[in-house]
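The file run_12.pdb contains PDB, C-alpha atoms:
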ATOM      1  CA  MET A   1      -2.754   3.950  -9.413  1.00  0.00           C
ATOM      2  CA  SER A   2      -6.169   2.632  -8.597  1.00  0.00           C
ATOM      3  CA  VAL A   3      -9.546   4.266  -8.998  1.00  0.00           C
ATOM      4  CA  GLU A   4     -11.758   4.293  -5.932  1.00  0.00           C
ATOM      5  CA  ASP A   5     -14.984   6.249  -5.314  1.00  0.00           C
ATOM      6  CA  LEU A   6     -14.616   8.608  -8.305  1.00  0.00           C
ATOM      7  CA  SER A   7     -11.154   9.678  -7.216  1.00  0.00           C
ATOM      8  CA  VAL A   8      -7.645   8.520  -7.956  1.00  0.00           C
ATOM      9  CA  THR A   9      -5.438   6.963  -5.319  1.00  0.00           C
ATOM     10  CA  LEU A  10      -1.719   7.191  -5.989  1.00  0.00           C
ATOM     11  CA  TYR A  11       0.603   4.957  -3.994  1.00  0.00           C
ATOM     12  CA  HIS A  12       4.190   6.183  -3.728  1.00  0.00           C
ATOM     13  CA  LYS A  13       7.372   5.625  -1.779  1.00  0.00           C
ATOM     14  CA  GLY A  14       9.129   8.766  -0.607  1.00  0.00           C
ATOM     15  CA  GLY A  15       9.468  12.018  -2.502  1.00  0.00           C
ATOM     16  CA  GLU A  16       6.313  13.552  -1.028  1.00  0.00           C
ATOM     17  CA  GLU A  17       7.106  17.055  -2.313  1.00  0.00           C
ATOM     18  CA  ARG A  18       7.770  15.754  -5.837  1.00  0.00           C
ATOM     19  CA  VAL A  19       4.560  13.709  -5.823  1.00  0.00           C
ATOM     20  CA  GLU A  20       2.496  16.643  -4.488  1.00  0.00           C
ATOM     21  CA  ALA A  21       3.899  18.867  -7.256  1.00  0.00           C
ATOM     22  CA  ALA A  22       3.143  16.223  -9.895  1.00  0.00           C
ATOM     23  CA  VAL A  23      -0.530  15.895  -8.924  1.00  0.00           C
ATOM     24  CA  ALA A  24      -1.179  19.621  -8.322  1.00  0.00           C
ATOM     25  CA  PRO A  25      -2.195  20.336 -11.968  1.00  0.00           C
ATOM     26  CA  ARG A  26      -4.728  17.466 -11.857  1.00  0.00           C
ATOM     27  CA  ARG A  27      -6.165  18.709  -8.579  1.00  0.00           C
ATOM     28  CA  ALA A  28      -6.447  22.206 -10.070  1.00  0.00           C
ATOM     29  CA  LYS A  29      -8.671  20.687 -12.796  1.00  0.00           C
ATOM     30  CA  GLY A  30     -10.957  19.179 -10.155  1.00  0.00           C
ATOM     31  CA  VAL A  31      -9.573  15.642 -10.011  1.00  0.00           C
ATOM     32  CA  ARG A  32      -9.629  14.234  -6.485  1.00  0.00           C
ATOM     33  CA  VAL A  33      -6.241  12.652  -5.870  1.00  0.00           C
ATOM     34  CA  GLU A  34      -5.477  10.797  -2.651  1.00  0.00           C
ATOM     35  CA  LEU A  35      -1.831  10.093  -1.886  1.00  0.00           C
ATOM     36  CA  ARG A  36      -0.868   7.034   0.132  1.00  0.00           C
ATOM     37  CA  SER A  37       2.542   5.907   1.195  1.00  0.00           C
ATOM     38  CA  ALA A  38       3.793   2.520  -0.045  1.00  0.00           C
ATOM     39  CA  PRO A  39       6.584   0.441   1.506  1.00  0.00           C
ATOM     40  CA  TYR A  40       8.153  -0.378  -1.897  1.00  0.00           C
ATOM     41  CA  ASP A  41       8.541   1.434  -5.217  1.00  0.00           C
ATOM     42  CA  ARG A  42       7.893  -0.165  -8.620  1.00  0.00           C
ATOM     43  CA  SER A  43      11.564  -0.808  -9.377  1.00  0.00           C
ATOM     44  CA  GLU A  44      12.056  -2.649  -6.067  1.00  0.00           C
ATOM     45  CA  LEU A  45       8.990  -4.785  -6.728  1.00  0.00           C
ATOM     46  CA  ARG A  46       9.997  -5.546 -10.337  1.00  0.00           C
ATOM     47  CA  GLU A  47      13.455  -6.621  -9.185  1.00  0.00           C
ATOM     48  CA  ALA A  48      12.018  -8.816  -6.428  1.00  0.00           C
ATOM     49  CA  ALA A  49       9.483 -10.384  -8.819  1.00  0.00           C
ATOM     50  CA  ALA A  50      12.166 -11.156 -11.408  1.00  0.00           C
ATOM     51  CA  SER A  51      14.338 -12.804  -8.742  1.00  0.00           C
ATOM     52  CA  LEU A  52      11.513 -15.235  -7.847  1.00  0.00           C
ATOM     53  CA  MET A  53      10.793 -16.534 -11.349  1.00  0.00           C
ATOM     54  CA  GLY A  54      11.515 -20.258 -11.643  1.00  0.00           C
ATOM     55  CA  ARG A  55      12.545 -20.548  -8.000  1.00  0.00           C
ATOM     56  CA  SER A  56      11.052 -22.883  -5.426  1.00  0.00           C
ATOM     57  CA  LEU A  57       8.986 -21.109  -2.782  1.00  0.00           C
ATOM     58  CA  THR A  58       6.558 -22.270  -0.111  1.00  0.00           C
ATOM     59  CA  ILE A  59       3.027 -20.933  -0.757  1.00  0.00           C
ATOM     60  CA  ASP A  60       0.165 -22.013   1.522  1.00  0.00           C
ATOM     61  CA  GLY A  61       2.440 -24.655   3.041  1.00  0.00           C
ATOM     62  CA  ARG A  62       3.258 -26.230  -0.344  1.00  0.00           C
ATOM     63  CA  LEU A  63       6.617 -26.207  -2.067  1.00  0.00           C
ATOM     64  CA  THR A  64       5.936 -24.403  -5.345  1.00  0.00           C
ATOM     65  CA  SER A  65       7.778 -23.595  -8.563  1.00  0.00           C
ATOM     66  CA  VAL A  66       7.077 -19.887  -9.243  1.00  0.00           C
ATOM     67  CA  HIS A  67       5.826 -19.127 -12.765  1.00  0.00           C
ATOM     68  CA  SER A  68       4.297 -15.673 -12.218  1.00  0.00           C
ATOM     69  CA  ALA A  69       5.143 -12.776  -9.897  1.00  0.00           C
ATOM     70  CA  GLY A  70       4.085  -9.150 -10.021  1.00  0.00           C
ATOM     71  CA  ALA A  71       3.565  -6.042  -7.929  1.00  0.00           C
ATOM     72  CA  ARG A  72       0.419  -5.425  -5.909  1.00  0.00           C
ATOM     73  CA  SER A  73      -1.264  -2.190  -7.040  1.00  0.00           C
ATOM     74  CA  ASP A  74      -0.766  -0.574  -3.633  1.00  0.00           C
ATOM     75  CA  GLY A  75       2.994  -1.188  -3.531  1.00  0.00           C
ATOM     76  CA  SER A  76       2.710  -3.397  -0.453  1.00  0.00           C
ATOM     77  CA  GLY A  77       4.351  -6.484  -1.935  1.00  0.00           C
ATOM     78  CA  LEU A  78       4.031  -9.113  -4.645  1.00  0.00           C
ATOM     79  CA  LEU A  79       1.391 -11.506  -5.909  1.00  0.00           C
ATOM     80  CA  VAL A  80       3.027 -14.836  -6.715  1.00  0.00           C
ATOM     81  CA  GLU A  81       1.659 -17.884  -8.545  1.00  0.00           C
ATOM     82  CA  GLY A  82       3.212 -21.250  -9.111  1.00  0.00           C
ATOM     83  CA  ASP A  83       2.728 -24.950  -9.596  1.00  0.00           C
ATOM     84  CA  ALA A  84       3.083 -27.155  -6.546  1.00  0.00           C
ATOM     85  CA  LEU A  85       6.111 -29.414  -6.840  1.00  0.00           C
ATOM     86  CA  ARG A  86       4.941 -32.973  -6.586  1.00  0.00           C
ATOM     87  CA  ARG A  87       6.129 -36.490  -6.196  1.00  0.00           C
ATOM     88  CA  PRO A  88       5.759 -38.734  -9.227  1.00  0.00           C
ATOM     89  CA  GLY A  89       2.199 -40.044  -9.554  1.00  0.00           C
ATOM     90  CA  THR A  90       0.499 -37.208  -7.653  1.00  0.00           C
ATOM     91  CA  PRO A  91      -1.691 -34.599  -9.396  1.00  0.00           C
ATOM     92  CA  SER A  92      -0.335 -31.084  -9.886  1.00  0.00           C
ATOM     93  CA  ARG A  93      -1.884 -28.125  -8.065  1.00  0.00           C
ATOM     94  CA  ARG A  94      -1.785 -24.389  -8.700  1.00  0.00           C
ATOM     95  CA  CYS A  95      -0.826 -22.197  -5.761  1.00  0.00           C
ATOM     96  CA  ARG A  96      -1.320 -18.476  -5.388  1.00  0.00           C
ATOM     97  CA  GLY A  97      -0.523 -16.062  -2.615  1.00  0.00           C
ATOM     98  CA  PRO A  98       0.716 -12.636  -1.596  1.00  0.00           C
ATOM     99  CA  VAL A  99       4.319 -12.082  -0.622  1.00  0.00           C
ATOM    100  CA  PRO A 100       4.981  -9.054   1.599  1.00  0.00           C
TER     101      PRO A 100
END

If you took the structure in this file and wrote it as structure tokens, what would it be?
Amino acid sequence: MSVEDLSVTLYHKGGEERVEAAVAPRRAKGVRVELRSAPYDRSELREAAASLMGRSLTIDGRLTSVHSAGARSDGSGLLVEGDALRRPGTPSRRCRGPVP
């Protein structure tokens, strides 16, 4: 969930009827809830993030060792961080980027 403009935006994948039923009591109390479809659910994103940990991945054109990966709040993909793999004698660099 994310809070935008004094309302709550809930990103979900599938199950529209179940999600509508779940937010109905909040709406009845005056809470503005906006539903938006997401391409992935939390379990898919957690599994994908876990599979990237410690792996080599190209981020911004640099070969990187992934040390952090997590879901974007809107369910659209992952945010991944890592340390650029380097040749001996070159300084290390941090890399960060989204992964759809």

With all atoms listed in the file as the atoms that count, which of A:Thr9, A:Ser65, A:Ser37, A:Ser73 lies nearest to Met53 in chain A? A:Ser65

For CA of Leu85 in chain A and CA of His67 in chain A, the interatomic separation in Å (one decimal):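 Interatomic distance, CA of Leu85 in chain A to CA of His67 in chain A: 11.9 Å.
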
Val23 in chain A environment, 9 Å, all atoms listed in the file, sequence neighbours closer than 5 positions dropped, as a PyMOL selection string: chain A and resi 18+28+33

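Here CA of Ser68 in chain A stands at a distance of 18.2 Å from CA of Arg86 in chain A.
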
Counting only C-alpha atoms, which residues sit no farther than 12 Å from the position (12.5, -13.1, -10.3) in the file's frame? I'd like them as a ChimeraX atom specification. /A:44-57,65-71,78,80-81

For CA of Arg42 in chain A and CA of Pro25 in chain A, the interatomic separation in Å (one decimal):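 Separation of CA of Arg42 in chain A and CA of Pro25 in chain A: 23.1 Å.
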
Run the PyMOL selection byres ((chain A and resi 32) around 12) mentally over the shown coordinates, then write out the matched residues as a PDB file with C-alpha atoms, in the frame of the given file, using the chain letters and numbers from the document.
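Contents of the output file selection_21.pdb:
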ATOM      1  CA  VAL A   3      -9.546   4.266  -8.998  1.00  0.00           C
ATOM      2  CA  GLU A   4     -11.758   4.293  -5.932  1.00  0.00           C
ATOM      3  CA  ASP A   5     -14.984   6.249  -5.314  1.00  0.00           C
ATOM      4  CA  LEU A   6     -14.616   8.608  -8.305  1.00  0.00           C
ATOM      5  CA  SER A   7     -11.154   9.678  -7.216  1.00  0.00           C
ATOM      6  CA  VAL A   8      -7.645   8.520  -7.956  1.00  0.00           C
ATOM      7  CA  THR A   9      -5.438   6.963  -5.319  1.00  0.00           C
ATOM      8  CA  LEU A  10      -1.719   7.191  -5.989  1.00  0.00           C
ATOM      9  CA  VAL A  23      -0.530  15.895  -8.924  1.00  0.00           C
ATOM     10  CA  ALA A  24      -1.179  19.621  -8.322  1.00  0.00           C
ATOM     11  CA  PRO A  25      -2.195  20.336 -11.968  1.00  0.00           C
ATOM     12  CA  ARG A  26      -4.728  17.466 -11.857  1.00  0.00           C
ATOM     13  CA  ARG A  27      -6.165  18.709  -8.579  1.00  0.00           C
ATOM     14  CA  ALA A  28      -6.447  22.206 -10.070  1.00  0.00           C
ATOM     15  CA  LYS A  29      -8.671  20.687 -12.796  1.00  0.00           C
ATOM     16  CA  GLY A  30     -10.957  19.179 -10.155  1.00  0.00           C
ATOM     17  CA  VAL A  31      -9.573  15.642 -10.011  1.00  0.00           C
ATOM     18  CA  VAL A  33      -6.241  12.652  -5.870  1.00  0.00           C
ATOM     19  CA  GLU A  34      -5.477  10.797  -2.651  1.00  0.00           C
ATOM     20  CA  LEU A  35      -1.831  10.093  -1.886  1.00  0.00           C
TER      21      LEU A  35
END

Mind rebuilding range 38-49 of chain A with all heavy atoms and writing that out as an mmCIF file, keeping the file's coordinate frame?
data_model
loop_
_atom_site.group_PDB
_atom_site.id
_atom_site.type_symbol
_atom_site.label_atom_id
_atom_site.label_comp_id
_atom_site.auth_asym_id
_atom_site.auth_seq_id
_atom_site.Cartn_x
_atom_site.Cartn_y
_atom_site.Cartn_z
ATOM 1 N N ALA A 38 3.601 3.952 0.233
ATOM 2 C CA ALA A 38 3.793 2.520 -0.045
ATOM 3 C C ALA A 38 5.174 2.106 0.489
ATOM 4 O O ALA A 38 6.115 2.893 0.447
ATOM 5 C CB ALA A 38 3.711 2.253 -1.539
ATOM 6 N N PRO A 39 5.295 0.882 0.973
ATOM 7 C CA PRO A 39 6.584 0.441 1.506
ATOM 8 C C PRO A 39 7.644 0.181 0.430
ATOM 9 O O PRO A 39 8.835 0.194 0.728
ATOM 10 C CB PRO A 39 6.256 -0.835 2.270
ATOM 11 C CG PRO A 39 4.965 -1.311 1.705
ATOM 12 C CD PRO A 39 4.243 -0.106 1.189
ATOM 13 N N TYR A 40 7.219 -0.068 -0.813
ATOM 14 C CA TYR A 40 8.153 -0.378 -1.897
ATOM 15 C C TYR A 40 7.819 0.478 -3.116
ATOM 16 O O TYR A 40 6.676 0.826 -3.339
ATOM 17 C CB TYR A 40 8.061 -1.855 -2.304
ATOM 18 C CG TYR A 40 8.237 -2.808 -1.157
ATOM 19 C CD1 TYR A 40 7.139 -3.428 -0.577
ATOM 20 C CD2 TYR A 40 9.499 -3.083 -0.641
ATOM 21 C CE1 TYR A 40 7.290 -4.300 0.487
ATOM 22 C CE2 TYR A 40 9.661 -3.951 0.427
ATOM 23 C CZ TYR A 40 8.555 -4.552 0.981
ATOM 24 O OH TYR A 40 8.709 -5.409 2.033
ATOM 25 N N ASP A 41 8.831 0.766 -3.948
ATOM 26 C CA ASP A 41 8.541 1.434 -5.217
ATOM 27 C C ASP A 41 8.513 0.388 -6.329
ATOM 28 O O ASP A 41 8.845 -0.782 -6.117
ATOM 29 C CB ASP A 41 9.524 2.572 -5.513
ATOM 30 C CG ASP A 41 10.959 2.117 -5.700
ATOM 31 O OD1 ASP A 41 11.194 0.993 -6.187
ATOM 32 O OD2 ASP A 41 11.868 2.906 -5.389
ATOM 33 N N ARG A 42 8.067 0.794 -7.517
ATOM 34 C CA ARG A 42 7.893 -0.165 -8.620
ATOM 35 C C ARG A 42 9.188 -0.876 -8.979
ATOM 36 O O ARG A 42 9.179 -2.075 -9.265
ATOM 37 C CB ARG A 42 7.323 0.530 -9.844
ATOM 38 C CG ARG A 42 5.851 0.792 -9.708
ATOM 39 C CD ARG A 42 5.270 1.311 -10.973
ATOM 40 N NE ARG A 42 5.835 2.633 -11.279
ATOM 41 C CZ ARG A 42 5.437 3.418 -12.232
ATOM 42 N NH1 ARG A 42 4.467 3.047 -13.023
ATOM 43 N NH2 ARG A 42 5.980 4.599 -12.419
ATOM 44 N N SER A 43 10.308 -0.158 -8.985
ATOM 45 C CA SER A 43 11.564 -0.808 -9.377
ATOM 46 C C SER A 43 11.975 -1.877 -8.366
ATOM 47 O O SER A 43 12.465 -2.943 -8.751
ATOM 48 C CB SER A 43 12.687 0.218 -9.578
ATOM 49 O OG SER A 43 12.972 0.891 -8.376
ATOM 50 N N GLU A 44 11.755 -1.634 -7.080
ATOM 51 C CA GLU A 44 12.056 -2.649 -6.067
ATOM 52 C C GLU A 44 11.185 -3.882 -6.265
ATOM 53 O O GLU A 44 11.671 -5.022 -6.165
ATOM 54 C CB GLU A 44 11.823 -2.087 -4.664
ATOM 55 C CG GLU A 44 12.806 -1.033 -4.235
ATOM 56 C CD GLU A 44 12.430 -0.402 -2.916
ATOM 57 O OE1 GLU A 44 11.265 0.009 -2.735
ATOM 58 O OE2 GLU A 44 13.328 -0.307 -2.059
ATOM 59 N N LEU A 45 9.899 -3.655 -6.546
ATOM 60 C CA LEU A 45 8.990 -4.785 -6.728
ATOM 61 C C LEU A 45 9.292 -5.560 -8.010
ATOM 62 O O LEU A 45 9.235 -6.791 -8.016
ATOM 63 C CB LEU A 45 7.540 -4.300 -6.712
ATOM 64 C CG LEU A 45 7.075 -3.774 -5.349
ATOM 65 C CD1 LEU A 45 5.729 -3.088 -5.480
ATOM 66 C CD2 LEU A 45 7.021 -4.895 -4.328
ATOM 67 N N ARG A 46 9.629 -4.849 -9.092
ATOM 68 C CA ARG A 46 9.997 -5.546 -10.337
ATOM 69 C C ARG A 46 11.233 -6.420 -10.128
ATOM 70 O O ARG A 46 11.285 -7.562 -10.585
ATOM 71 C CB ARG A 46 10.281 -4.527 -11.442
ATOM 72 C CG ARG A 46 9.054 -4.004 -12.096
ATOM 73 C CD ARG A 46 9.437 -3.177 -13.337
ATOM 74 N NE ARG A 46 8.420 -2.193 -13.564
ATOM 75 C CZ ARG A 46 8.599 -0.892 -13.580
ATOM 76 N NH1 ARG A 46 9.793 -0.383 -13.421
ATOM 77 N NH2 ARG A 46 7.600 -0.073 -13.774
ATOM 78 N N GLU A 47 12.222 -5.868 -9.446
ATOM 79 C CA GLU A 47 13.455 -6.621 -9.185
ATOM 80 C C GLU A 47 13.172 -7.854 -8.329
ATOM 81 O O GLU A 47 13.657 -8.951 -8.612
ATOM 82 C CB GLU A 47 14.468 -5.708 -8.487
ATOM 83 C CG GLU A 47 15.823 -6.350 -8.271
ATOM 84 C CD GLU A 47 16.801 -5.382 -7.626
ATOM 85 O OE1 GLU A 47 16.804 -4.190 -7.997
ATOM 86 O OE2 GLU A 47 17.581 -5.833 -6.766
ATOM 87 N N ALA A 48 12.363 -7.683 -7.292
ATOM 88 C CA ALA A 48 12.018 -8.816 -6.428
ATOM 89 C C ALA A 48 11.230 -9.869 -7.200
ATOM 90 O O ALA A 48 11.476 -11.072 -7.049
ATOM 91 C CB ALA A 48 11.223 -8.329 -5.221
ATOM 92 N N ALA A 49 10.282 -9.439 -8.033
ATOM 93 C CA ALA A 49 9.483 -10.384 -8.819
ATOM 94 C C ALA A 49 10.364 -11.168 -9.774
ATOM 95 O O ALA A 49 10.235 -12.393 -9.889
ATOM 96 C CB ALA A 49 8.390 -9.638 -9.585
#
